[in-house]
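A short worksheet on the structure shown next.
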Amino acid sequence: MAKYLLLKHYRGAPAAVNDVPMDQWTPEEISAHVQYMDDFAARLEGTGEFVDSQALSPEGTFVRYDGDGRPPVTDGPFAETKDLIAGWMVIDVESYERALDLAGELSAAPGAGGKPIHEWLEVRPFLAAPPTITE
Amino acid sequence: MDEALLRTLTPTVIGVLVRRGADFAAAEDAVQDALVEAVRVWPDDPPRDPKGWLVAVAWRKFLDATRADASRRHREVRVEGEPMPDPGKVVDDTLQLYFLCAHPSLTPASAVALTLRAIGGLTTRQIAQAYLVPEATMAQRISRAKRTVSGVRFNQPGDVATVLRVLYLVFNEGYSGDVDLAAEAIRLTRQLAAKTKHEEVAGLLALMLLHHARRPARTRTDGGLVPLAEQDRSLWDTRLIAEGVDVLQAALTRDRLGEFQAQAAIAALHADARTAEETDWVQIVEWYDELVRLTDSPVVRLNRAVAVGEADGPRAGLAALAGLDPALPRHAAVAAYLHEHDGDPVTAARLYAEAARSAPSLPERDHLTRRAARLNAELRR
C-alpha cells in the first residue's frame, strides 16, 4: 500500500471546466455536491483506503524568522497570484493508478447545473519509510 | 459492567488516595490503572462494593509504582506503610479536584484534558479521539498538566469561575469519536452543582441543558446546520428544557446574576416560544443588555444586534451593528442576515459569501454558502 495526498486548490491549479463559484449554484446543487463528497469518503472508508481529509480556511499568512531579537514577520494575506490550498484527502491505496482513478472520481463531483466540476486535483505520493530489505 | 458508575467514582477515589498522602499526579495514574483493571475484571467478577474495590486496587497500584520508582531512584519514600490520617478535611475532595484540574496555571487545553481524565474518568485514548489528536500527544499534554499543578496544595479553595470556563469549553466542543463531550460536560457540571450552591454553576448547567435540548433539531440528516428559526421545535427535548428552566429559576431567585445565568435566560426565552414568531425578542434584548453590562464583550454586542434586529426591525439591528469591528468573527454573517431582512438581497448575498469564506467550521461554511446561493438564485429569476 502507498499513501497519496489529493490536494484541492482555491487558487494555483488550472481553471476547472465547470468553474462557477459555489454561491452561484442553487442550494440543491450544493446539497448534491456535499452528498457526493460524503459518499466518496464513506466509500473509501469502506474499502479500507481512507486515511484523513481536511478542509482549510482561505485565510493564510506567511511567517518567517527574521533574525535574533526580532519577531517573525509575515507578508500579510496571500497575494492573489499565490497558490492556495483548499483542503486535502489522504488515501492509502495499492497503486499509483488507483490513486489517479480516485482523484479523477473526486474531480467529477457535481457543481453548477448538476454537471461535474472537472476541477484539477493534485496527486502527491508520500515519501515512505526506507524498506527493511535492501538487497 | 456499569461504566458510568465507574467513571462517577473516579474523582472520589483520587480524593481518597490524595488524603492518604499520595501526590495528585501519582494518585491519578494509579486510579487510571485501577479503572483499566476494573474494565477487565468486573464483567466476570463484579465487586460487591465498587468504590471499596477501586480504592483498594488503586492504592495497591500506587504503592507498587512508588516502590518501583523509589528503588529505581534509591530514594526514601514518605508514603510507605500506614495511610496518613485525614488532615482536617474542610472542602469536598471532588470539589478540590475540580479546582486543581482547572488551576489558573494551566492552559485551557491542558485544563480540559486533565478535567476529563481525573474527574471524568475518561481514558487518554478517548480524550485524544474526541479532540482529534494522536494519543501520544494527549498523553503528553496530560502529564505536563499534572507536573504543572504538582506544587499546588490540594486543600486550597479555588476559583469557581475558572472551573466553569473549562466545563463551558468541553460542552462547546460538541462531539466526535465515541465520547459525547456535551453530555460529559453536563454530567460534570451536574456533579459540580450538587456540591456547591454557586449561582453561576447553576447558570452554566441551565445553559447547557437548554442548548442540549435543541440538539436533535440542530442538524439535518446530512450534517447541515438548521438555524434556530427553522428548527422543528417538536424535536426539542422538553424534559431537558423543564430541568434547565427549574435550575435557572432557582439560581435567579438568589439575585446574584452572572453571565451564564443571563445566557441561560436567553436560551430559556427561546425554549419558551412554541414557534419562532412567538419569541419574546424584547425580553431577549433586555438580557443582552445585562450581558453587555456583565461582560462588555464585543461578541455579546454582535449577538445583541441580531436580537435588536428581531425586536425593533432590521434597521435598528444594523444601527446596533454599526459601531462594531467588522473583523469580529461572524460579523459578516450577522450583517448579511440583517440586510436580507431589510430587503436588500444583493448586499446580503455578497455578505453571506464573504462570511462563508471566513467561516470557522465546515457546517457553518456550507450553511452560509447555501444562504448566498439561495438569494443569488432568487435574484436570477
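Going through the C-alpha cells in order, the chains are called A, B, and so on, while each chain numbers its residues from 1 and the ligands are numbered from 1 in the order shown.
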
Which residues of chain A are close to chain B, meaning at most 6 Å apart when you count only C-alpha atoms, and how do they look as a VMD selection string?
chain A and resid 23 to 27

Could you write out the selected residues, including all heavy atoms, as a PDB file, in the first residue's frame?
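Writing the result to part.pdb gives the following:
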```pdb
ATOM      1  N   ASP A  23     -21.356  30.005  -4.437  1.00  0.00           N
ATOM      2  CA  ASP A  23     -22.508  30.822  -4.042  1.00  0.00           C
ATOM      3  C   ASP A  23     -23.388  31.195  -5.248  1.00  0.00           C
ATOM      4  O   ASP A  23     -24.435  31.816  -5.082  1.00  0.00           O
ATOM      5  CB  ASP A  23     -22.054  32.070  -3.264  1.00  0.00           C
ATOM      6  CG  ASP A  23     -21.134  32.957  -4.072  1.00  0.00           C
ATOM      7  OD1 ASP A  23     -19.936  32.654  -4.159  1.00  0.00           O
ATOM      8  OD2 ASP A  23     -21.615  33.951  -4.650  1.00  0.00           O
ATOM      9  N   GLN A  24     -22.943  30.783  -6.460  1.00  0.00           N
ATOM     10  CA  GLN A  24     -23.780  30.998  -7.644  1.00  0.00           C
ATOM     11  C   GLN A  24     -24.528  29.718  -8.040  1.00  0.00           C
ATOM     12  O   GLN A  24     -25.224  29.693  -9.046  1.00  0.00           O
ATOM     13  CB  GLN A  24     -22.914  31.467  -8.834  1.00  0.00           C
ATOM     14  CG  GLN A  24     -22.118  32.736  -8.576  1.00  0.00           C
ATOM     15  CD  GLN A  24     -23.009  33.954  -8.361  1.00  0.00           C
ATOM     16  OE1 GLN A  24     -24.090  34.047  -8.934  1.00  0.00           O
ATOM     17  NE2 GLN A  24     -22.569  34.880  -7.514  1.00  0.00           N
ATOM     18  N   TRP A  25     -24.329  28.634  -7.261  1.00  0.00           N
ATOM     19  CA  TRP A  25     -25.081  27.408  -7.533  1.00  0.00           C
ATOM     20  C   TRP A  25     -26.469  27.536  -6.898  1.00  0.00           C
ATOM     21  O   TRP A  25     -26.712  28.452  -6.105  1.00  0.00           O
ATOM     22  CB  TRP A  25     -24.389  26.178  -6.932  1.00  0.00           C
ATOM     23  CG  TRP A  25     -22.969  25.951  -7.333  1.00  0.00           C
ATOM     24  CD1 TRP A  25     -22.201  26.729  -8.151  1.00  0.00           C
ATOM     25  CD2 TRP A  25     -22.144  24.860  -6.910  1.00  0.00           C
ATOM     26  NE1 TRP A  25     -20.943  26.189  -8.267  1.00  0.00           N
ATOM     27  CE2 TRP A  25     -20.881  25.049  -7.519  1.00  0.00           C
ATOM     28  CE3 TRP A  25     -22.343  23.749  -6.089  1.00  0.00           C
ATOM     29  CZ2 TRP A  25     -19.825  24.160  -7.315  1.00  0.00           C
ATOM     30  CZ3 TRP A  25     -21.295  22.870  -5.894  1.00  0.00           C
ATOM     31  CH2 TRP A  25     -20.047  23.071  -6.511  1.00  0.00           C
ATOM     32  N   THR A  26     -27.332  26.572  -7.187  1.00  0.00           N
ATOM     33  CA  THR A  26     -28.587  26.523  -6.429  1.00  0.00           C
ATOM     34  C   THR A  26     -28.320  25.752  -5.129  1.00  0.00           C
ATOM     35  O   THR A  26     -27.378  24.960  -5.067  1.00  0.00           O
ATOM     36  CB  THR A  26     -29.708  25.799  -7.206  1.00  0.00           C
ATOM     37  OG1 THR A  26     -29.354  24.414  -7.315  1.00  0.00           O
ATOM     38  CG2 THR A  26     -29.906  26.397  -8.595  1.00  0.00           C
ATOM     39  N   PRO A  27     -29.156  25.988  -4.095  1.00  0.00           N
ATOM     40  CA  PRO A  27     -28.979  25.238  -2.841  1.00  0.00           C
ATOM     41  C   PRO A  27     -29.007  23.726  -3.086  1.00  0.00           C
ATOM     42  O   PRO A  27     -28.275  22.976  -2.451  1.00  0.00           O
ATOM     43  CB  PRO A  27     -30.173  25.685  -1.994  1.00  0.00           C
ATOM     44  CG  PRO A  27     -30.505  27.053  -2.506  1.00  0.00           C
ATOM     45  CD  PRO A  27     -30.207  27.011  -3.974  1.00  0.00           C
TER      46      PRO A  27
END
```

Those of stretch 51-99 of chain A in DSSP strand (DSSP E), formatted as a PyMOL selection string
chain A and resi 51-55+84-93

Would you list the contacts of B:Ala136 as an MDAnalysis selection string, taking every protein, DNA or RNA residue within 10 Å and counting only C-alpha atoms, but skipping same-chain residues closer than 4 positions in sequence?
chainID B and resid 124:125 128 140:142

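When atom CA of B:Leu63 is paired with atom CA of B:Ala30, their separation reads 8.8 Å.
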
Run DSSP on the backbone and tell me which residues of stretch 101-323 of chain B come out as helix (DSSP H, G or I); list them as number ranges by chain.
B: 101, 108-119, 124-130, 135-148, 160-172, 181-193, 199-212, 215-218, 228-230, 233-235, 238-252, 259-272, 276-278, 281-295, 298-312, 314-322

Write out as a PyMOL selection string each polymer residue whose atoms come within 10 Å of stretch 46-52 of chain A, counting only C-alpha atoms; drop sequence neighbours fewer than 4 positions from it.
chain A and resi 1-5+40-42+88-94+99

Include N, CA and C atoms and write out the residues we just selected as a PDB file, in the first residue's frame.
```pdb
ATOM      1  N   MET A   1       0.842  -1.193   0.000  1.00  0.00           N
ATOM      2  CA  MET A   1       0.000   0.000   0.000  1.00  0.00           C
ATOM      3  C   MET A   1       0.889   1.259   0.000  1.00  0.00           C
ATOM      4  N   ALA A   2       0.410   2.292  -0.597  1.00  0.00           N
ATOM      5  CA  ALA A   2       1.173   3.554  -0.617  1.00  0.00           C
ATOM      6  C   ALA A   2       0.212   4.719  -0.389  1.00  0.00           C
ATOM      7  N   LYS A   3       0.711   5.708   0.280  1.00  0.00           N
ATOM      8  CA  LYS A   3      -0.147   6.851   0.618  1.00  0.00           C
ATOM      9  C   LYS A   3       0.006   7.982  -0.394  1.00  0.00           C
ATOM     10  N   TYR A   4      -1.122   8.601  -0.700  1.00  0.00           N
ATOM     11  CA  TYR A   4      -1.123   9.740  -1.611  1.00  0.00           C
ATOM     12  C   TYR A   4      -1.946  10.866  -1.013  1.00  0.00           C
ATOM     13  N   LEU A   5      -1.505  12.056  -1.306  1.00  0.00           N
ATOM     14  CA  LEU A   5      -2.235  13.251  -0.900  1.00  0.00           C
ATOM     15  C   LEU A   5      -2.975  13.776  -2.120  1.00  0.00           C
ATOM     16  N   PHE A  40     -18.241   9.715  -1.180  1.00  0.00           N
ATOM     17  CA  PHE A  40     -16.909   9.311  -1.651  1.00  0.00           C
ATOM     18  C   PHE A  40     -16.033   8.901  -0.461  1.00  0.00           C
ATOM     19  N   ALA A  41     -16.002   9.757   0.565  1.00  0.00           N
ATOM     20  CA  ALA A  41     -15.181   9.455   1.748  1.00  0.00           C
ATOM     21  C   ALA A  41     -15.687   8.189   2.440  1.00  0.00           C
ATOM     22  N   ALA A  42     -17.017   8.049   2.524  1.00  0.00           N
ATOM     23  CA  ALA A  42     -17.582   6.871   3.195  1.00  0.00           C
ATOM     24  C   ALA A  42     -17.213   5.598   2.437  1.00  0.00           C
ATOM     25  N   TRP A  88      -7.486  18.764   1.626  1.00  0.00           N
ATOM     26  CA  TRP A  88      -6.854  17.558   1.107  1.00  0.00           C
ATOM     27  C   TRP A  88      -7.581  16.311   1.549  1.00  0.00           C
ATOM     28  N   MET A  89      -7.260  15.233   0.861  1.00  0.00           N
ATOM     29  CA  MET A  89      -7.660  13.910   1.326  1.00  0.00           C
ATOM     30  C   MET A  89      -6.413  13.040   1.225  1.00  0.00           C
ATOM     31  N   VAL A  90      -6.178  12.244   2.255  1.00  0.00           N
ATOM     32  CA  VAL A  90      -5.069  11.300   2.207  1.00  0.00           C
ATOM     33  C   VAL A  90      -5.657   9.911   2.014  1.00  0.00           C
ATOM     34  N   ILE A  91      -5.140   9.191   1.030  1.00  0.00           N
ATOM     35  CA  ILE A  91      -5.620   7.832   0.769  1.00  0.00           C
ATOM     36  C   ILE A  91      -4.445   6.868   0.836  1.00  0.00           C
ATOM     37  N   ASP A  92      -4.748   5.638   1.126  1.00  0.00           N
ATOM     38  CA  ASP A  92      -3.717   4.603   1.211  1.00  0.00           C
ATOM     39  C   ASP A  92      -4.154   3.498   0.264  1.00  0.00           C
ATOM     40  N   VAL A  93      -3.506   3.404  -0.900  1.00  0.00           N
ATOM     41  CA  VAL A  93      -4.014   2.540  -1.963  1.00  0.00           C
ATOM     42  C   VAL A  93      -2.925   1.607  -2.506  1.00  0.00           C
ATOM     43  N   GLU A  94      -3.353   0.641  -3.305  1.00  0.00           N
ATOM     44  CA  GLU A  94      -2.442  -0.379  -3.831  1.00  0.00           C
ATOM     45  C   GLU A  94      -1.468   0.173  -4.864  1.00  0.00           C
ATOM     46  N   ALA A  99      -4.706   5.594  -7.257  1.00  0.00           N
ATOM     47  CA  ALA A  99      -4.741   6.973  -6.742  1.00  0.00           C
ATOM     48  C   ALA A  99      -5.266   7.927  -7.811  1.00  0.00           C
TER      49      ALA A  99
END
```

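One finds atom CA of A:Glu119 at 8.1 Å from atom CA of A:Pro14.
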
Which of A:Ala86, A:Leu6, A:Ile133, A:Ile30 sits closest to A:Ser107 [using only C-alpha atoms]
A:Leu6

Find the residues around stretch 266-281 of chain B up to 12 Å (only C-alpha atoms counted), leave out those fewer than 3 positions away in its own chain, and share them as a count of residues only.
60

List the spatial neighbours of B:Arg187 as a PyMOL selection string - criterion: any atom at most 12 Å away, only C-alpha atoms, same-chain residues fewer than 3 positions off excluded.
chain B and resi 4-5+7-8+116+119-121+167+170-171+180-184+190-194+204-205+208-209

Using only C-alpha atoms, which residues sit within 12 Å of B:Ala161 once same-chain residues fewer than 4 positions away are excluded, as a PyMOL selection string?
chain B and resi 98-99+102-104+165-168+198-201+203-204+258-260

Residue subset to file, keeping N, CA and C atoms, as a short mmCIF file (atom, residue, chain, number, x, y, z; two decimals), in the first residue's frame:
```
data_model
loop_
_atom_site.label_atom_id
_atom_site.label_comp_id
_atom_site.auth_asym_id
_atom_site.auth_seq_id
_atom_site.Cartn_x
_atom_site.Cartn_y
_atom_site.Cartn_z
N TYR B 98 -11.85 19.50 41.08
CA TYR B 98 -12.29 20.43 40.03
C TYR B 98 -11.38 21.66 40.01
N PHE B 99 -11.11 22.22 41.19
CA PHE B 99 -10.27 23.42 41.27
C PHE B 99 -8.87 23.12 40.75
N ALA B 102 -8.61 22.75 36.99
CA ALA B 102 -8.84 24.00 36.25
C ALA B 102 -7.93 25.10 36.80
N HIS B 103 -6.83 24.70 37.41
CA HIS B 103 -5.95 25.68 38.05
C HIS B 103 -5.50 26.75 37.05
N PRO B 104 -5.46 28.01 37.49
CA PRO B 104 -5.11 29.10 36.57
C PRO B 104 -3.73 28.96 35.93
N ARG B 165 -15.28 27.94 33.18
CA ARG B 165 -14.75 28.17 31.83
C ARG B 165 -14.33 26.85 31.19
N VAL B 166 -13.69 25.99 31.98
CA VAL B 166 -13.24 24.69 31.46
C VAL B 166 -14.44 23.84 31.03
N LEU B 167 -15.46 23.80 31.88
CA LEU B 167 -16.64 22.98 31.57
C LEU B 167 -17.37 23.54 30.34
N TYR B 168 -17.40 24.85 30.24
CA TYR B 168 -18.02 25.50 29.08
C TYR B 168 -17.30 25.10 27.79
N HIS B 198 -23.13 27.70 44.25
CA HIS B 198 -22.77 28.86 43.44
C HIS B 198 -23.79 29.09 42.31
N GLU B 199 -24.29 30.32 42.20
CA GLU B 199 -25.35 30.62 41.22
C GLU B 199 -24.89 30.40 39.79
N GLU B 200 -23.62 30.72 39.51
CA GLU B 200 -23.17 30.59 38.13
C GLU B 200 -22.96 29.14 37.71
N VAL B 201 -22.71 28.27 38.70
CA VAL B 201 -22.65 26.84 38.37
C VAL B 201 -24.04 26.41 37.89
N GLY B 203 -26.24 28.41 36.69
CA GLY B 203 -26.47 29.12 35.43
C GLY B 203 -25.87 28.37 34.25
N LEU B 204 -24.64 27.88 34.44
CA LEU B 204 -23.99 27.14 33.35
C LEU B 204 -24.72 25.82 33.09
N GLY B 258 -25.03 36.48 36.92
CA GLY B 258 -23.74 36.34 36.25
C GLY B 258 -23.99 36.03 34.80
N GLU B 259 -22.89 35.96 34.02
CA GLU B 259 -23.08 35.85 32.58
C GLU B 259 -23.73 34.53 32.15
N PHE B 260 -23.43 33.44 32.87
CA PHE B 260 -24.03 32.17 32.46
C PHE B 260 -25.54 32.16 32.73
#
```
